[in-house]
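Enquirer: What follows is coords_10.csv, made up of CSV, C-alpha atoms:
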```
chain,number,residue,atom,x,y,z
A,1,MET,CA,-37.2,-60.3,-28.0
A,2,ARG,CA,-34.0,-59.9,-29.9
A,3,ILE,CA,-30.7,-61.8,-29.6
A,4,GLY,CA,-27.2,-60.4,-30.3
A,5,TYR,CA,-23.8,-61.9,-30.3
A,6,GLY,CA,-20.5,-60.1,-29.8
A,7,TYR,CA,-16.8,-61.0,-30.0
A,8,ASP,CA,-13.6,-59.1,-29.4
A,9,VAL,CA,-9.9,-59.9,-29.2
A,10,HIS,CA,-6.9,-57.7,-28.3
A,11,LYS,CA,-3.1,-58.4,-28.2
A,12,LEU,CA,-1.4,-58.4,-24.8
A,13,VAL,CA,1.5,-56.0,-24.5
A,14,LYS,CA,3.8,-54.6,-21.8
A,15,SER,CA,3.2,-51.0,-20.5
A,16,ARG,CA,-0.6,-51.2,-20.6
A,17,LYS,CA,-3.0,-51.8,-17.8
A,18,LEU,CA,-5.2,-54.9,-18.0
A,19,ILE,CA,-8.9,-53.9,-17.7
A,20,LEU,CA,-11.6,-56.6,-18.0
A,21,GLY,CA,-15.3,-55.8,-17.3
A,22,GLY,CA,-14.2,-52.5,-15.9
A,23,VAL,CA,-11.9,-54.1,-13.4
A,24,GLY,CA,-8.2,-53.4,-13.2
A,25,ILE,CA,-6.5,-56.9,-13.1
A,26,PRO,CA,-3.0,-57.1,-11.6
A,27,PHE,CA,-0.8,-58.5,-14.4
A,28,GLU,CA,2.5,-57.7,-16.1
A,29,LYS,CA,0.7,-57.0,-19.5
A,30,GLY,CA,-2.4,-55.2,-20.7
A,31,LEU,CA,-4.4,-55.1,-23.8
A,32,LEU,CA,-3.4,-53.0,-26.8
A,33,GLY,CA,-6.2,-50.9,-28.3
A,34,HIS,CA,-7.4,-47.3,-29.0
A,35,SER,CA,-9.6,-47.3,-25.9
A,36,ASP,CA,-8.8,-49.1,-22.7
A,37,ALA,CA,-9.2,-52.3,-24.8
A,38,ASP,CA,-11.6,-54.0,-22.4
A,39,VAL,CA,-12.4,-57.0,-24.6
A,40,LEU,CA,-15.3,-58.2,-22.4
A,41,ILE,CA,-17.1,-54.9,-22.5
A,42,HIS,CA,-16.4,-54.6,-26.2
A,43,ALA,CA,-18.0,-58.0,-26.8
A,44,VAL,CA,-21.1,-57.0,-24.7
A,45,ILE,CA,-21.4,-53.7,-26.7
A,46,ASP,CA,-21.2,-55.6,-30.0
A,47,ALA,CA,-23.9,-58.1,-28.8
A,48,ILE,CA,-26.2,-55.2,-27.8
A,49,LEU,CA,-25.7,-53.4,-31.1
A,50,GLY,CA,-26.1,-56.6,-33.0
A,51,ALA,CA,-29.4,-57.4,-31.3
A,52,LEU,CA,-30.6,-53.9,-32.3
A,53,ALA,CA,-29.1,-54.2,-35.9
A,54,LYS,CA,-27.1,-51.0,-35.2
A,55,GLY,CA,-23.7,-52.2,-36.5
A,56,ASP,CA,-20.8,-52.7,-34.3
A,57,ILE,CA,-18.5,-50.9,-31.8
A,58,GLY,CA,-16.2,-49.7,-34.6
A,59,LEU,CA,-19.0,-48.1,-36.4
A,60,LEU,CA,-20.4,-46.3,-33.3
A,61,PHE,CA,-17.0,-45.5,-31.6
A,62,PRO,CA,-14.4,-45.5,-34.4
A,63,ASP,CA,-10.7,-45.9,-33.5
A,64,THR,CA,-9.9,-43.0,-35.8
A,65,ASP,CA,-11.7,-40.6,-33.4
A,66,ASP,CA,-9.5,-39.1,-30.7
A,67,ASP,CA,-12.5,-38.7,-28.5
A,68,TYR,CA,-12.3,-42.4,-27.8
A,69,LYS,CA,-8.5,-42.5,-27.2
A,70,ASP,CA,-7.9,-44.4,-24.0
A,71,ILE,CA,-11.6,-44.0,-23.0
A,72,ASP,CA,-13.0,-46.2,-20.2
A,73,SER,CA,-15.1,-48.8,-22.1
A,74,ARG,CA,-17.8,-48.6,-19.4
A,75,ILE,CA,-18.6,-45.1,-20.7
A,76,LEU,CA,-19.1,-46.7,-24.2
A,77,LEU,CA,-21.2,-49.4,-22.6
A,78,ARG,CA,-23.5,-46.8,-21.0
A,79,ARG,CA,-23.8,-45.1,-24.4
A,80,ALA,CA,-24.9,-48.5,-25.9
A,81,TYR,CA,-27.4,-48.8,-23.1
A,82,GLU,CA,-28.8,-45.4,-24.0
A,83,ILE,CA,-29.3,-46.6,-27.6
A,84,MET,CA,-31.0,-49.7,-26.3
A,85,GLN,CA,-33.3,-47.5,-24.2
A,86,VAL,CA,-34.3,-45.3,-27.1
A,87,ALA,CA,-35.2,-48.4,-29.0
A,88,ASN,CA,-37.4,-49.4,-26.0
A,89,TYR,CA,-35.4,-52.5,-25.0
A,90,ILE,CA,-34.1,-53.8,-21.7
A,91,ILE,CA,-31.6,-56.6,-20.9
A,92,GLY,CA,-33.3,-59.9,-20.5
A,93,ASN,CA,-30.0,-61.6,-19.8
A,94,MET,CA,-26.4,-61.6,-20.9
A,95,ASP,CA,-23.8,-64.4,-20.9
A,96,ALA,CA,-20.1,-63.9,-21.7
A,97,THR,CA,-16.9,-65.9,-21.7
A,98,ILE,CA,-13.4,-64.5,-21.4
A,99,CYS,CA,-10.6,-66.6,-23.0
A,100,ALA,CA,-7.2,-66.0,-21.3
A,101,GLN,CA,-4.4,-68.4,-20.4
A,102,GLN,CA,-3.3,-66.0,-17.7
A,103,PRO,CA,-4.0,-64.3,-15.4
A,104,LYS,CA,-6.6,-66.3,-13.4
A,105,LEU,CA,-9.8,-64.2,-13.3
A,106,GLN,CA,-12.2,-66.1,-11.0
A,107,SER,CA,-11.6,-63.7,-8.1
A,108,HIS,CA,-12.6,-60.7,-10.3
A,109,ILE,CA,-15.7,-62.1,-11.9
A,110,HIS,CA,-18.2,-60.9,-9.3
A,111,GLN,CA,-17.0,-57.2,-9.6
A,112,MET,CA,-17.2,-57.5,-13.4
A,113,ARG,CA,-20.8,-58.7,-13.1
A,114,GLU,CA,-21.6,-55.8,-10.8
A,115,ASN,CA,-20.1,-53.3,-13.1
A,116,ILE,CA,-21.9,-54.5,-16.2
A,117,ALA,CA,-25.2,-54.9,-14.3
A,118,SER,CA,-24.9,-51.3,-13.1
A,119,ASP,CA,-24.1,-49.9,-16.5
A,120,LEU,CA,-27.0,-51.8,-18.1
A,121,GLN,CA,-29.4,-51.0,-15.3
A,122,THR,CA,-30.3,-54.6,-14.6
A,123,ASP,CA,-30.0,-57.0,-11.7
A,124,ILE,CA,-26.8,-58.9,-11.3
A,125,VAL,CA,-28.7,-62.2,-11.7
A,126,ASN,CA,-29.2,-61.3,-15.4
A,127,ILE,CA,-25.4,-61.0,-16.0
A,128,SER,CA,-23.3,-64.2,-16.4
A,129,ILE,CA,-19.5,-64.1,-16.9
A,130,LYS,CA,-17.2,-67.1,-17.2
A,131,ALA,CA,-13.5,-67.4,-17.8
A,132,THR,CA,-11.6,-70.2,-19.5
A,133,THR,CA,-8.3,-71.0,-21.0
A,134,GLU,CA,-7.7,-72.5,-24.4
A,135,GLU,CA,-5.3,-75.2,-23.1
A,136,ASN,CA,-2.2,-73.4,-24.6
A,137,LEU,CA,-3.7,-73.3,-28.1
A,138,GLY,CA,-4.2,-70.3,-30.3
A,139,ILE,CA,-3.4,-66.7,-29.5
A,140,THR,CA,-5.1,-66.7,-26.1
A,141,GLY,CA,-3.6,-70.1,-25.2
A,142,LYS,CA,-0.1,-68.9,-26.1
A,143,GLY,CA,-0.6,-65.8,-24.0
A,144,LYS,CA,-0.4,-63.4,-26.9
A,145,GLY,CA,-3.9,-62.0,-26.4
A,146,ILE,CA,-7.3,-62.2,-24.6
A,147,SER,CA,-10.6,-62.7,-26.3
A,148,ALA,CA,-14.2,-62.5,-25.1
A,149,ALA,CA,-17.6,-63.5,-26.6
A,150,SER,CA,-21.0,-62.4,-25.4
A,151,VAL,CA,-24.6,-63.1,-26.2
A,152,VAL,CA,-27.5,-60.9,-25.0
A,153,LEU,CA,-31.3,-61.3,-25.0
A,154,LEU,CA,-33.1,-58.0,-25.2
A,155,GLU,CA,-36.7,-57.6,-24.2
A,156,LYS,CA,-39.1,-55.0,-25.6
A,157,ILE,CA,-40.6,-52.7,-23.0
```
Show this structure as structure tokens.

Expert:
Amino acid sequence: MRIGYGYDVHKLVKSRKLILGGVGIPFEKGLLGHSDADVLIHAVIDAILGALAKGDIGLLFPDTDDDYKDIDSRILLRRAYEIMQVANYIIGNMDATICAQQPKLQSHIHQMRENIASDLQTDIVNISIKATTEENLGITGKGKGISAASVVLLEKI
């Protein structure tokens, strides 16, 4: 078994769509980034790559490469899954937390779990996602950004 940890944060800005876990979330702001800036999926990718000792998302999908401009992060997650497969690992389980003062995310969590389970070819019971606020503290608490952290357990097949 191998364990990996991932973290990502992006700034909230006007004129961008908010995408978390591959789900479009109705909100007046979105996350700024080279791709769709899906912090949840980026944290999951970093956790997978970390568990495999393959670097991080920036190494694999650099923001200097126009091929990744505005790309759907689920595509990147499926590529990370392919790397995991080549190394002969499967997801044991994944746990993630999204930190956002707003919007409220509870009604979107199930779809996020379904998306990630599908992309990682695992059962939804292996995918846990939680959302929290930071009680008006820090960049997420002040509504300036959204962050996510994830841990994965990979099992050798």

Enquirer: Please provide the set of residues having any atom within 9 Å of A:Lys29, restricted to only C-alpha atoms, with same-chain residues fewer than 6 positions apart removed, written as a PyMOL selection string.

Expert: chain A and resi 12-18

Enquirer: Restricting the calculation to all atoms listed in the file: of A:Met112, A:Leu31, A:Val125, A:Ile98, which residue gets closest to A:Ala43?

Expert: A:Ile98

Enquirer: Within 10 Å of A:Arg78, counting only C-alpha atoms, which residues qualify if same-chain residues fewer than 3 places away don't, as a PDB file with C-alpha atoms, in the frame of the given file?

Expert:
```pdb
ATOM      1  CA  ILE A  45     -21.400 -53.700 -26.700  1.00  0.00           C
ATOM      2  CA  SER A  73     -15.100 -48.800 -22.100  1.00  0.00           C
ATOM      3  CA  ARG A  74     -17.800 -48.600 -19.400  1.00  0.00           C
ATOM      4  CA  ILE A  75     -18.600 -45.100 -20.700  1.00  0.00           C
ATOM      5  CA  TYR A  81     -27.400 -48.800 -23.100  1.00  0.00           C
ATOM      6  CA  GLU A  82     -28.800 -45.400 -24.000  1.00  0.00           C
ATOM      7  CA  ILE A  83     -29.300 -46.600 -27.600  1.00  0.00           C
ATOM      8  CA  MET A  84     -31.000 -49.700 -26.300  1.00  0.00           C
ATOM      9  CA  ILE A 116     -21.900 -54.500 -16.200  1.00  0.00           C
ATOM     10  CA  SER A 118     -24.900 -51.300 -13.100  1.00  0.00           C
ATOM     11  CA  ASP A 119     -24.100 -49.900 -16.500  1.00  0.00           C
ATOM     12  CA  LEU A 120     -27.000 -51.800 -18.100  1.00  0.00           C
ATOM     13  CA  GLN A 121     -29.400 -51.000 -15.300  1.00  0.00           C
TER      14      GLN A 121
END
```

Enquirer: Check which residues of stretch 53-124 of chain A sit at most 10 Å from stretch 129-152 of chain A using all atoms listed in the file, and return one row each with the closest pair of atoms and their distance in Å to one decimal, ordered by chain and rising number, as JSON lines.

Expert:
```
{"residue": "A:Ile91", "atom": "CA", "partner": "A:Val152", "partner_atom": "CA", "distance": 7.2}
{"residue": "A:Gly92", "atom": "CA", "partner": "A:Val152", "partner_atom": "CA", "distance": 7.4}
{"residue": "A:Asn93", "atom": "CA", "partner": "A:Val152", "partner_atom": "CA", "distance": 5.8}
{"residue": "A:Met94", "atom": "CA", "partner": "A:Val152", "partner_atom": "CA", "distance": 4.3}
{"residue": "A:Asp95", "atom": "CA", "partner": "A:Val151", "partner_atom": "CA", "distance": 5.5}
{"residue": "A:Ala96", "atom": "CA", "partner": "A:Ser150", "partner_atom": "CA", "distance": 4.1}
{"residue": "A:Thr97", "atom": "CA", "partner": "A:Lys130", "partner_atom": "CA", "distance": 4.7}
{"residue": "A:Ile98", "atom": "CA", "partner": "A:Ala148", "partner_atom": "CA", "distance": 4.3}
{"residue": "A:Cys99", "atom": "CA", "partner": "A:Ser147", "partner_atom": "CA", "distance": 5.1}
{"residue": "A:Ala100", "atom": "CA", "partner": "A:Ile146", "partner_atom": "CA", "distance": 5.0}
{"residue": "A:Gln101", "atom": "CA", "partner": "A:Thr133", "partner_atom": "CA", "distance": 4.7}
{"residue": "A:Gln102", "atom": "CA", "partner": "A:Gly143", "partner_atom": "CA", "distance": 6.9}
{"residue": "A:Pro103", "atom": "CA", "partner": "A:Gly143", "partner_atom": "CA", "distance": 9.4}
{"residue": "A:Lys104", "atom": "CA", "partner": "A:Ala131", "partner_atom": "CA", "distance": 8.3}
{"residue": "A:Leu105", "atom": "CA", "partner": "A:Ala131", "partner_atom": "CA", "distance": 6.6}
{"residue": "A:Gln106", "atom": "CA", "partner": "A:Ala131", "partner_atom": "CA", "distance": 7.0}
{"residue": "A:Ile109", "atom": "CA", "partner": "A:Ile129", "partner_atom": "CA", "distance": 6.6}
{"residue": "A:His110", "atom": "CA", "partner": "A:Ile129", "partner_atom": "CA", "distance": 8.3}
{"residue": "A:Met112", "atom": "CA", "partner": "A:Ile129", "partner_atom": "CA", "distance": 7.8}
{"residue": "A:Arg113", "atom": "CA", "partner": "A:Ile129", "partner_atom": "CA", "distance": 6.7}
{"residue": "A:Ile116", "atom": "CA", "partner": "A:Ile129", "partner_atom": "CA", "distance": 9.9}
```

Enquirer: Save the residues we just selected, C-alpha atoms, as a PDB file, in the frame of the given file?

Expert:
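Output saved as selection.pdb:
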```pdb
ATOM      1  CA  ILE A  91     -31.600 -56.600 -20.900  1.00  0.00           C
ATOM      2  CA  GLY A  92     -33.300 -59.900 -20.500  1.00  0.00           C
ATOM      3  CA  ASN A  93     -30.000 -61.600 -19.800  1.00  0.00           C
ATOM      4  CA  MET A  94     -26.400 -61.600 -20.900  1.00  0.00           C
ATOM      5  CA  ASP A  95     -23.800 -64.400 -20.900  1.00  0.00           C
ATOM      6  CA  ALA A  96     -20.100 -63.900 -21.700  1.00  0.00           C
ATOM      7  CA  THR A  97     -16.900 -65.900 -21.700  1.00  0.00           C
ATOM      8  CA  ILE A  98     -13.400 -64.500 -21.400  1.00  0.00           C
ATOM      9  CA  CYS A  99     -10.600 -66.600 -23.000  1.00  0.00           C
ATOM     10  CA  ALA A 100      -7.200 -66.000 -21.300  1.00  0.00           C
ATOM     11  CA  GLN A 101      -4.400 -68.400 -20.400  1.00  0.00           C
ATOM     12  CA  GLN A 102      -3.300 -66.000 -17.700  1.00  0.00           C
ATOM     13  CA  PRO A 103      -4.000 -64.300 -15.400  1.00  0.00           C
ATOM     14  CA  LYS A 104      -6.600 -66.300 -13.400  1.00  0.00           C
ATOM     15  CA  LEU A 105      -9.800 -64.200 -13.300  1.00  0.00           C
ATOM     16  CA  GLN A 106     -12.200 -66.100 -11.000  1.00  0.00           C
ATOM     17  CA  ILE A 109     -15.700 -62.100 -11.900  1.00  0.00           C
ATOM     18  CA  HIS A 110     -18.200 -60.900  -9.300  1.00  0.00           C
ATOM     19  CA  MET A 112     -17.200 -57.500 -13.400  1.00  0.00           C
ATOM     20  CA  ARG A 113     -20.800 -58.700 -13.100  1.00  0.00           C
ATOM     21  CA  ILE A 116     -21.900 -54.500 -16.200  1.00  0.00           C
TER      22      ILE A 116
END
```

Enquirer: Given only C-alpha atoms as the basis, pick out the residue of A:His42, A:Asp63, A:Gln111, A:Asp8 nearest to A:Ile124.

Expert: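 With only C-alpha atoms as the atom set, the closest residue is A:Gln111.
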
Enquirer: For a cutoff of 10 Å around the file-coordinate point (-24.8, -50.2, -30.7), which residues qualify once you count only C-alpha atoms? I'd like the result as a PyMOL selection string.

Expert: chain A and resi 44-61+76-77+79-84

Enquirer: Residues at most 9 Å from A:Leu20, counting all atoms listed in the file, excluding those fewer than 6 positions away in the same chain, as an mmCIF file with C-alpha atoms, in the frame of the given file?

Expert:
```cif
data_model
loop_
_atom_site.group_PDB
_atom_site.id
_atom_site.type_symbol
_atom_site.label_atom_id
_atom_site.label_comp_id
_atom_site.auth_asym_id
_atom_site.auth_seq_id
_atom_site.Cartn_x
_atom_site.Cartn_y
_atom_site.Cartn_z
ATOM 1 C CA ALA A 37 -9.200 -52.300 -24.800
ATOM 2 C CA ASP A 38 -11.600 -54.000 -22.400
ATOM 3 C CA VAL A 39 -12.400 -57.000 -24.600
ATOM 4 C CA LEU A 40 -15.300 -58.200 -22.400
ATOM 5 C CA ILE A 41 -17.100 -54.900 -22.500
ATOM 6 C CA ILE A 98 -13.400 -64.500 -21.400
ATOM 7 C CA HIS A 108 -12.600 -60.700 -10.300
ATOM 8 C CA MET A 112 -17.200 -57.500 -13.400
#
```

Enquirer: How many Å lie between atom CA of A:Gly21 and atom CA of A:Ile127, rounded to one decimal?

Expert: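 A separation of 11.4 Å between them.
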
Enquirer: Rank A:Leu32, A:Met1, A:Ile157, A:Val9 by their smallest atom-to-atom distance to A:Gln85, using all atoms listed in the file, and report the top residue only.

Expert: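 Among the listed residues, the smallest separation from A:Gln85 belongs to A:Ile157.
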
Enquirer: So what do you get for atom CA of A:Gly33 versus atom CA of A:Asp67, distance-wise?

Expert: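 It comes out at 13.7 Å.
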
Enquirer: Would you mind reading off the distance between atom CA of A:Ile3 and atom CA of A:Asn115, one decimal, in Å?

Expert: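 Separation between atom CA of A:Ile3 and atom CA of A:Asn115: 21.4 Å.
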
Enquirer: Measuring between all atoms listed in the file, which one of A:Lys156, A:Gly22, A:Tyr5, A:Ala87 shows the shortest distance to A:Ala117?

Expert: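 When distances to A:Ala117 are compared using all atoms listed in the file, the smallest one comes from A:Gly22.
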
Enquirer: Working from the structure I just supplied, which lacks atoms in stretch 76-87 of chain A, can you model all heavy atoms there and output them as an mmCIF file, in the frame of the given file?

Expert:
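What landed in result.cif:
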```
data_model
loop_
_atom_site.group_PDB
_atom_site.id
_atom_site.type_symbol
_atom_site.label_atom_id
_atom_site.label_comp_id
_atom_site.auth_asym_id
_atom_site.auth_seq_id
_atom_site.Cartn_x
_atom_site.Cartn_y
_atom_site.Cartn_z
ATOM 1 N N LEU A 76 -18.537 -46.268 -22.882
ATOM 2 C CA LEU A 76 -19.100 -46.700 -24.200
ATOM 3 C C LEU A 76 -20.268 -47.664 -23.934
ATOM 4 O O LEU A 76 -21.268 -47.611 -24.664
ATOM 5 C CB LEU A 76 -18.017 -47.375 -25.008
ATOM 6 C CG LEU A 76 -16.752 -46.548 -25.270
ATOM 7 C CD1 LEU A 76 -15.764 -47.344 -26.116
ATOM 8 C CD2 LEU A 76 -17.090 -45.212 -25.909
ATOM 9 N N LEU A 77 -20.166 -48.516 -22.927
ATOM 10 C CA LEU A 77 -21.200 -49.400 -22.600
ATOM 11 C C LEU A 77 -22.503 -48.674 -22.189
ATOM 12 O O LEU A 77 -23.618 -49.007 -22.613
ATOM 13 C CB LEU A 77 -20.828 -50.414 -21.505
ATOM 14 C CG LEU A 77 -21.864 -51.457 -21.084
ATOM 15 C CD1 LEU A 77 -22.286 -52.329 -22.260
ATOM 16 C CD2 LEU A 77 -21.326 -52.307 -19.937
ATOM 17 N N ARG A 78 -22.326 -47.638 -21.393
ATOM 18 C CA ARG A 78 -23.500 -46.800 -21.000
ATOM 19 C C ARG A 78 -24.108 -46.115 -22.182
ATOM 20 O O ARG A 78 -25.328 -45.947 -22.243
ATOM 21 C CB ARG A 78 -23.075 -45.853 -19.882
ATOM 22 C CG ARG A 78 -22.796 -46.575 -18.555
ATOM 23 C CD ARG A 78 -22.591 -45.628 -17.394
ATOM 24 N NE ARG A 78 -21.347 -44.890 -17.432
ATOM 25 C CZ ARG A 78 -20.212 -45.272 -16.851
ATOM 26 N NH1 ARG A 78 -20.155 -46.411 -16.168
ATOM 27 N NH2 ARG A 78 -19.142 -44.521 -16.925
ATOM 28 N N ARG A 79 -23.291 -45.736 -23.156
ATOM 29 C CA ARG A 79 -23.800 -45.100 -24.400
ATOM 30 C C ARG A 79 -24.621 -46.161 -25.193
ATOM 31 O O ARG A 79 -25.670 -45.851 -25.767
ATOM 32 C CB ARG A 79 -22.735 -44.498 -25.209
ATOM 33 C CG ARG A 79 -22.168 -43.253 -24.535
ATOM 34 C CD ARG A 79 -21.143 -42.567 -25.390
ATOM 35 N NE ARG A 79 -20.482 -41.509 -24.638
ATOM 36 C CZ ARG A 79 -19.375 -40.913 -25.026
ATOM 37 N NH1 ARG A 79 -18.802 -41.236 -26.183
ATOM 38 N NH2 ARG A 79 -18.831 -39.973 -24.282
ATOM 39 N N ALA A 80 -24.121 -47.391 -25.245
ATOM 40 C CA ALA A 80 -24.900 -48.500 -25.900
ATOM 41 C C ALA A 80 -26.177 -48.725 -25.216
ATOM 42 O O ALA A 80 -27.205 -48.962 -25.857
ATOM 43 C CB ALA A 80 -24.007 -49.734 -25.990
ATOM 44 N N TYR A 81 -26.154 -48.654 -23.885
ATOM 45 C CA TYR A 81 -27.400 -48.800 -23.100
ATOM 46 C C TYR A 81 -28.399 -47.732 -23.470
ATOM 47 O O TYR A 81 -29.604 -48.012 -23.612
ATOM 48 C CB TYR A 81 -27.091 -48.799 -21.617
ATOM 49 C CG TYR A 81 -28.343 -48.781 -20.771
ATOM 50 C CD1 TYR A 81 -29.111 -49.935 -20.615
ATOM 51 C CD2 TYR A 81 -28.778 -47.613 -20.161
ATOM 52 C CE1 TYR A 81 -30.278 -49.921 -19.864
ATOM 53 C CE2 TYR A 81 -29.933 -47.587 -19.407
ATOM 54 C CZ TYR A 81 -30.682 -48.746 -19.263
ATOM 55 O OH TYR A 81 -31.837 -48.724 -18.530
ATOM 56 N N GLU A 82 -27.933 -46.501 -23.642
ATOM 57 C CA GLU A 82 -28.800 -45.400 -24.000
ATOM 58 C C GLU A 82 -29.498 -45.672 -25.374
ATOM 59 O O GLU A 82 -30.687 -45.392 -25.558
ATOM 60 C CB GLU A 82 -28.069 -44.075 -24.059
ATOM 61 C CG GLU A 82 -27.646 -43.581 -22.692
ATOM 62 C CD GLU A 82 -26.658 -42.421 -22.747
ATOM 63 O OE1 GLU A 82 -26.326 -41.942 -23.857
ATOM 64 O OE2 GLU A 82 -26.208 -41.996 -21.659
ATOM 65 N N ILE A 83 -28.736 -46.223 -26.311
ATOM 66 C CA ILE A 83 -29.300 -46.600 -27.600
ATOM 67 C C ILE A 83 -30.355 -47.654 -27.465
ATOM 68 O O ILE A 83 -31.417 -47.609 -28.101
ATOM 69 C CB ILE A 83 -28.157 -47.038 -28.577
ATOM 70 C CG1 ILE A 83 -27.252 -45.858 -28.910
ATOM 71 C CG2 ILE A 83 -28.723 -47.695 -29.838
ATOM 72 C CD1 ILE A 83 -25.942 -46.244 -29.557
ATOM 73 N N MET A 84 -30.084 -48.605 -26.584
ATOM 74 C CA MET A 84 -31.000 -49.700 -26.300
ATOM 75 C C MET A 84 -32.318 -49.110 -25.688
ATOM 76 O O MET A 84 -33.420 -49.502 -26.076
ATOM 77 C CB MET A 84 -30.356 -50.646 -25.310
ATOM 78 C CG MET A 84 -31.021 -51.963 -25.146
ATOM 79 S SD MET A 84 -30.048 -53.033 -24.055
ATOM 80 C CE MET A 84 -30.336 -52.278 -22.477
ATOM 81 N N GLN A 85 -32.168 -48.148 -24.784
ATOM 82 C CA GLN A 85 -33.300 -47.500 -24.200
ATOM 83 C C GLN A 85 -34.185 -46.765 -25.182
ATOM 84 O O GLN A 85 -35.415 -46.880 -25.154
ATOM 85 C CB GLN A 85 -32.866 -46.489 -23.111
ATOM 86 C CG GLN A 85 -32.629 -47.048 -21.745
ATOM 87 C CD GLN A 85 -32.429 -45.912 -20.751
ATOM 88 O OE1 GLN A 85 -31.582 -45.043 -20.962
ATOM 89 N NE2 GLN A 85 -33.204 -45.923 -19.705
ATOM 90 N N VAL A 86 -33.530 -46.009 -26.053
ATOM 91 C CA VAL A 86 -34.300 -45.300 -27.100
ATOM 92 C C VAL A 86 -35.068 -46.209 -27.964
ATOM 93 O O VAL A 86 -36.175 -45.887 -28.397
ATOM 94 C CB VAL A 86 -33.283 -44.399 -27.933
ATOM 95 C CG1 VAL A 86 -33.953 -43.849 -29.176
ATOM 96 C CG2 VAL A 86 -32.697 -43.284 -27.081
ATOM 97 N N ALA A 87 -34.540 -47.402 -28.189
ATOM 98 C CA ALA A 87 -35.200 -48.400 -29.000
ATOM 99 C C ALA A 87 -36.283 -49.172 -28.178
ATOM 100 O O ALA A 87 -36.934 -50.088 -28.697
ATOM 101 C CB ALA A 87 -34.230 -49.373 -29.612
#
```
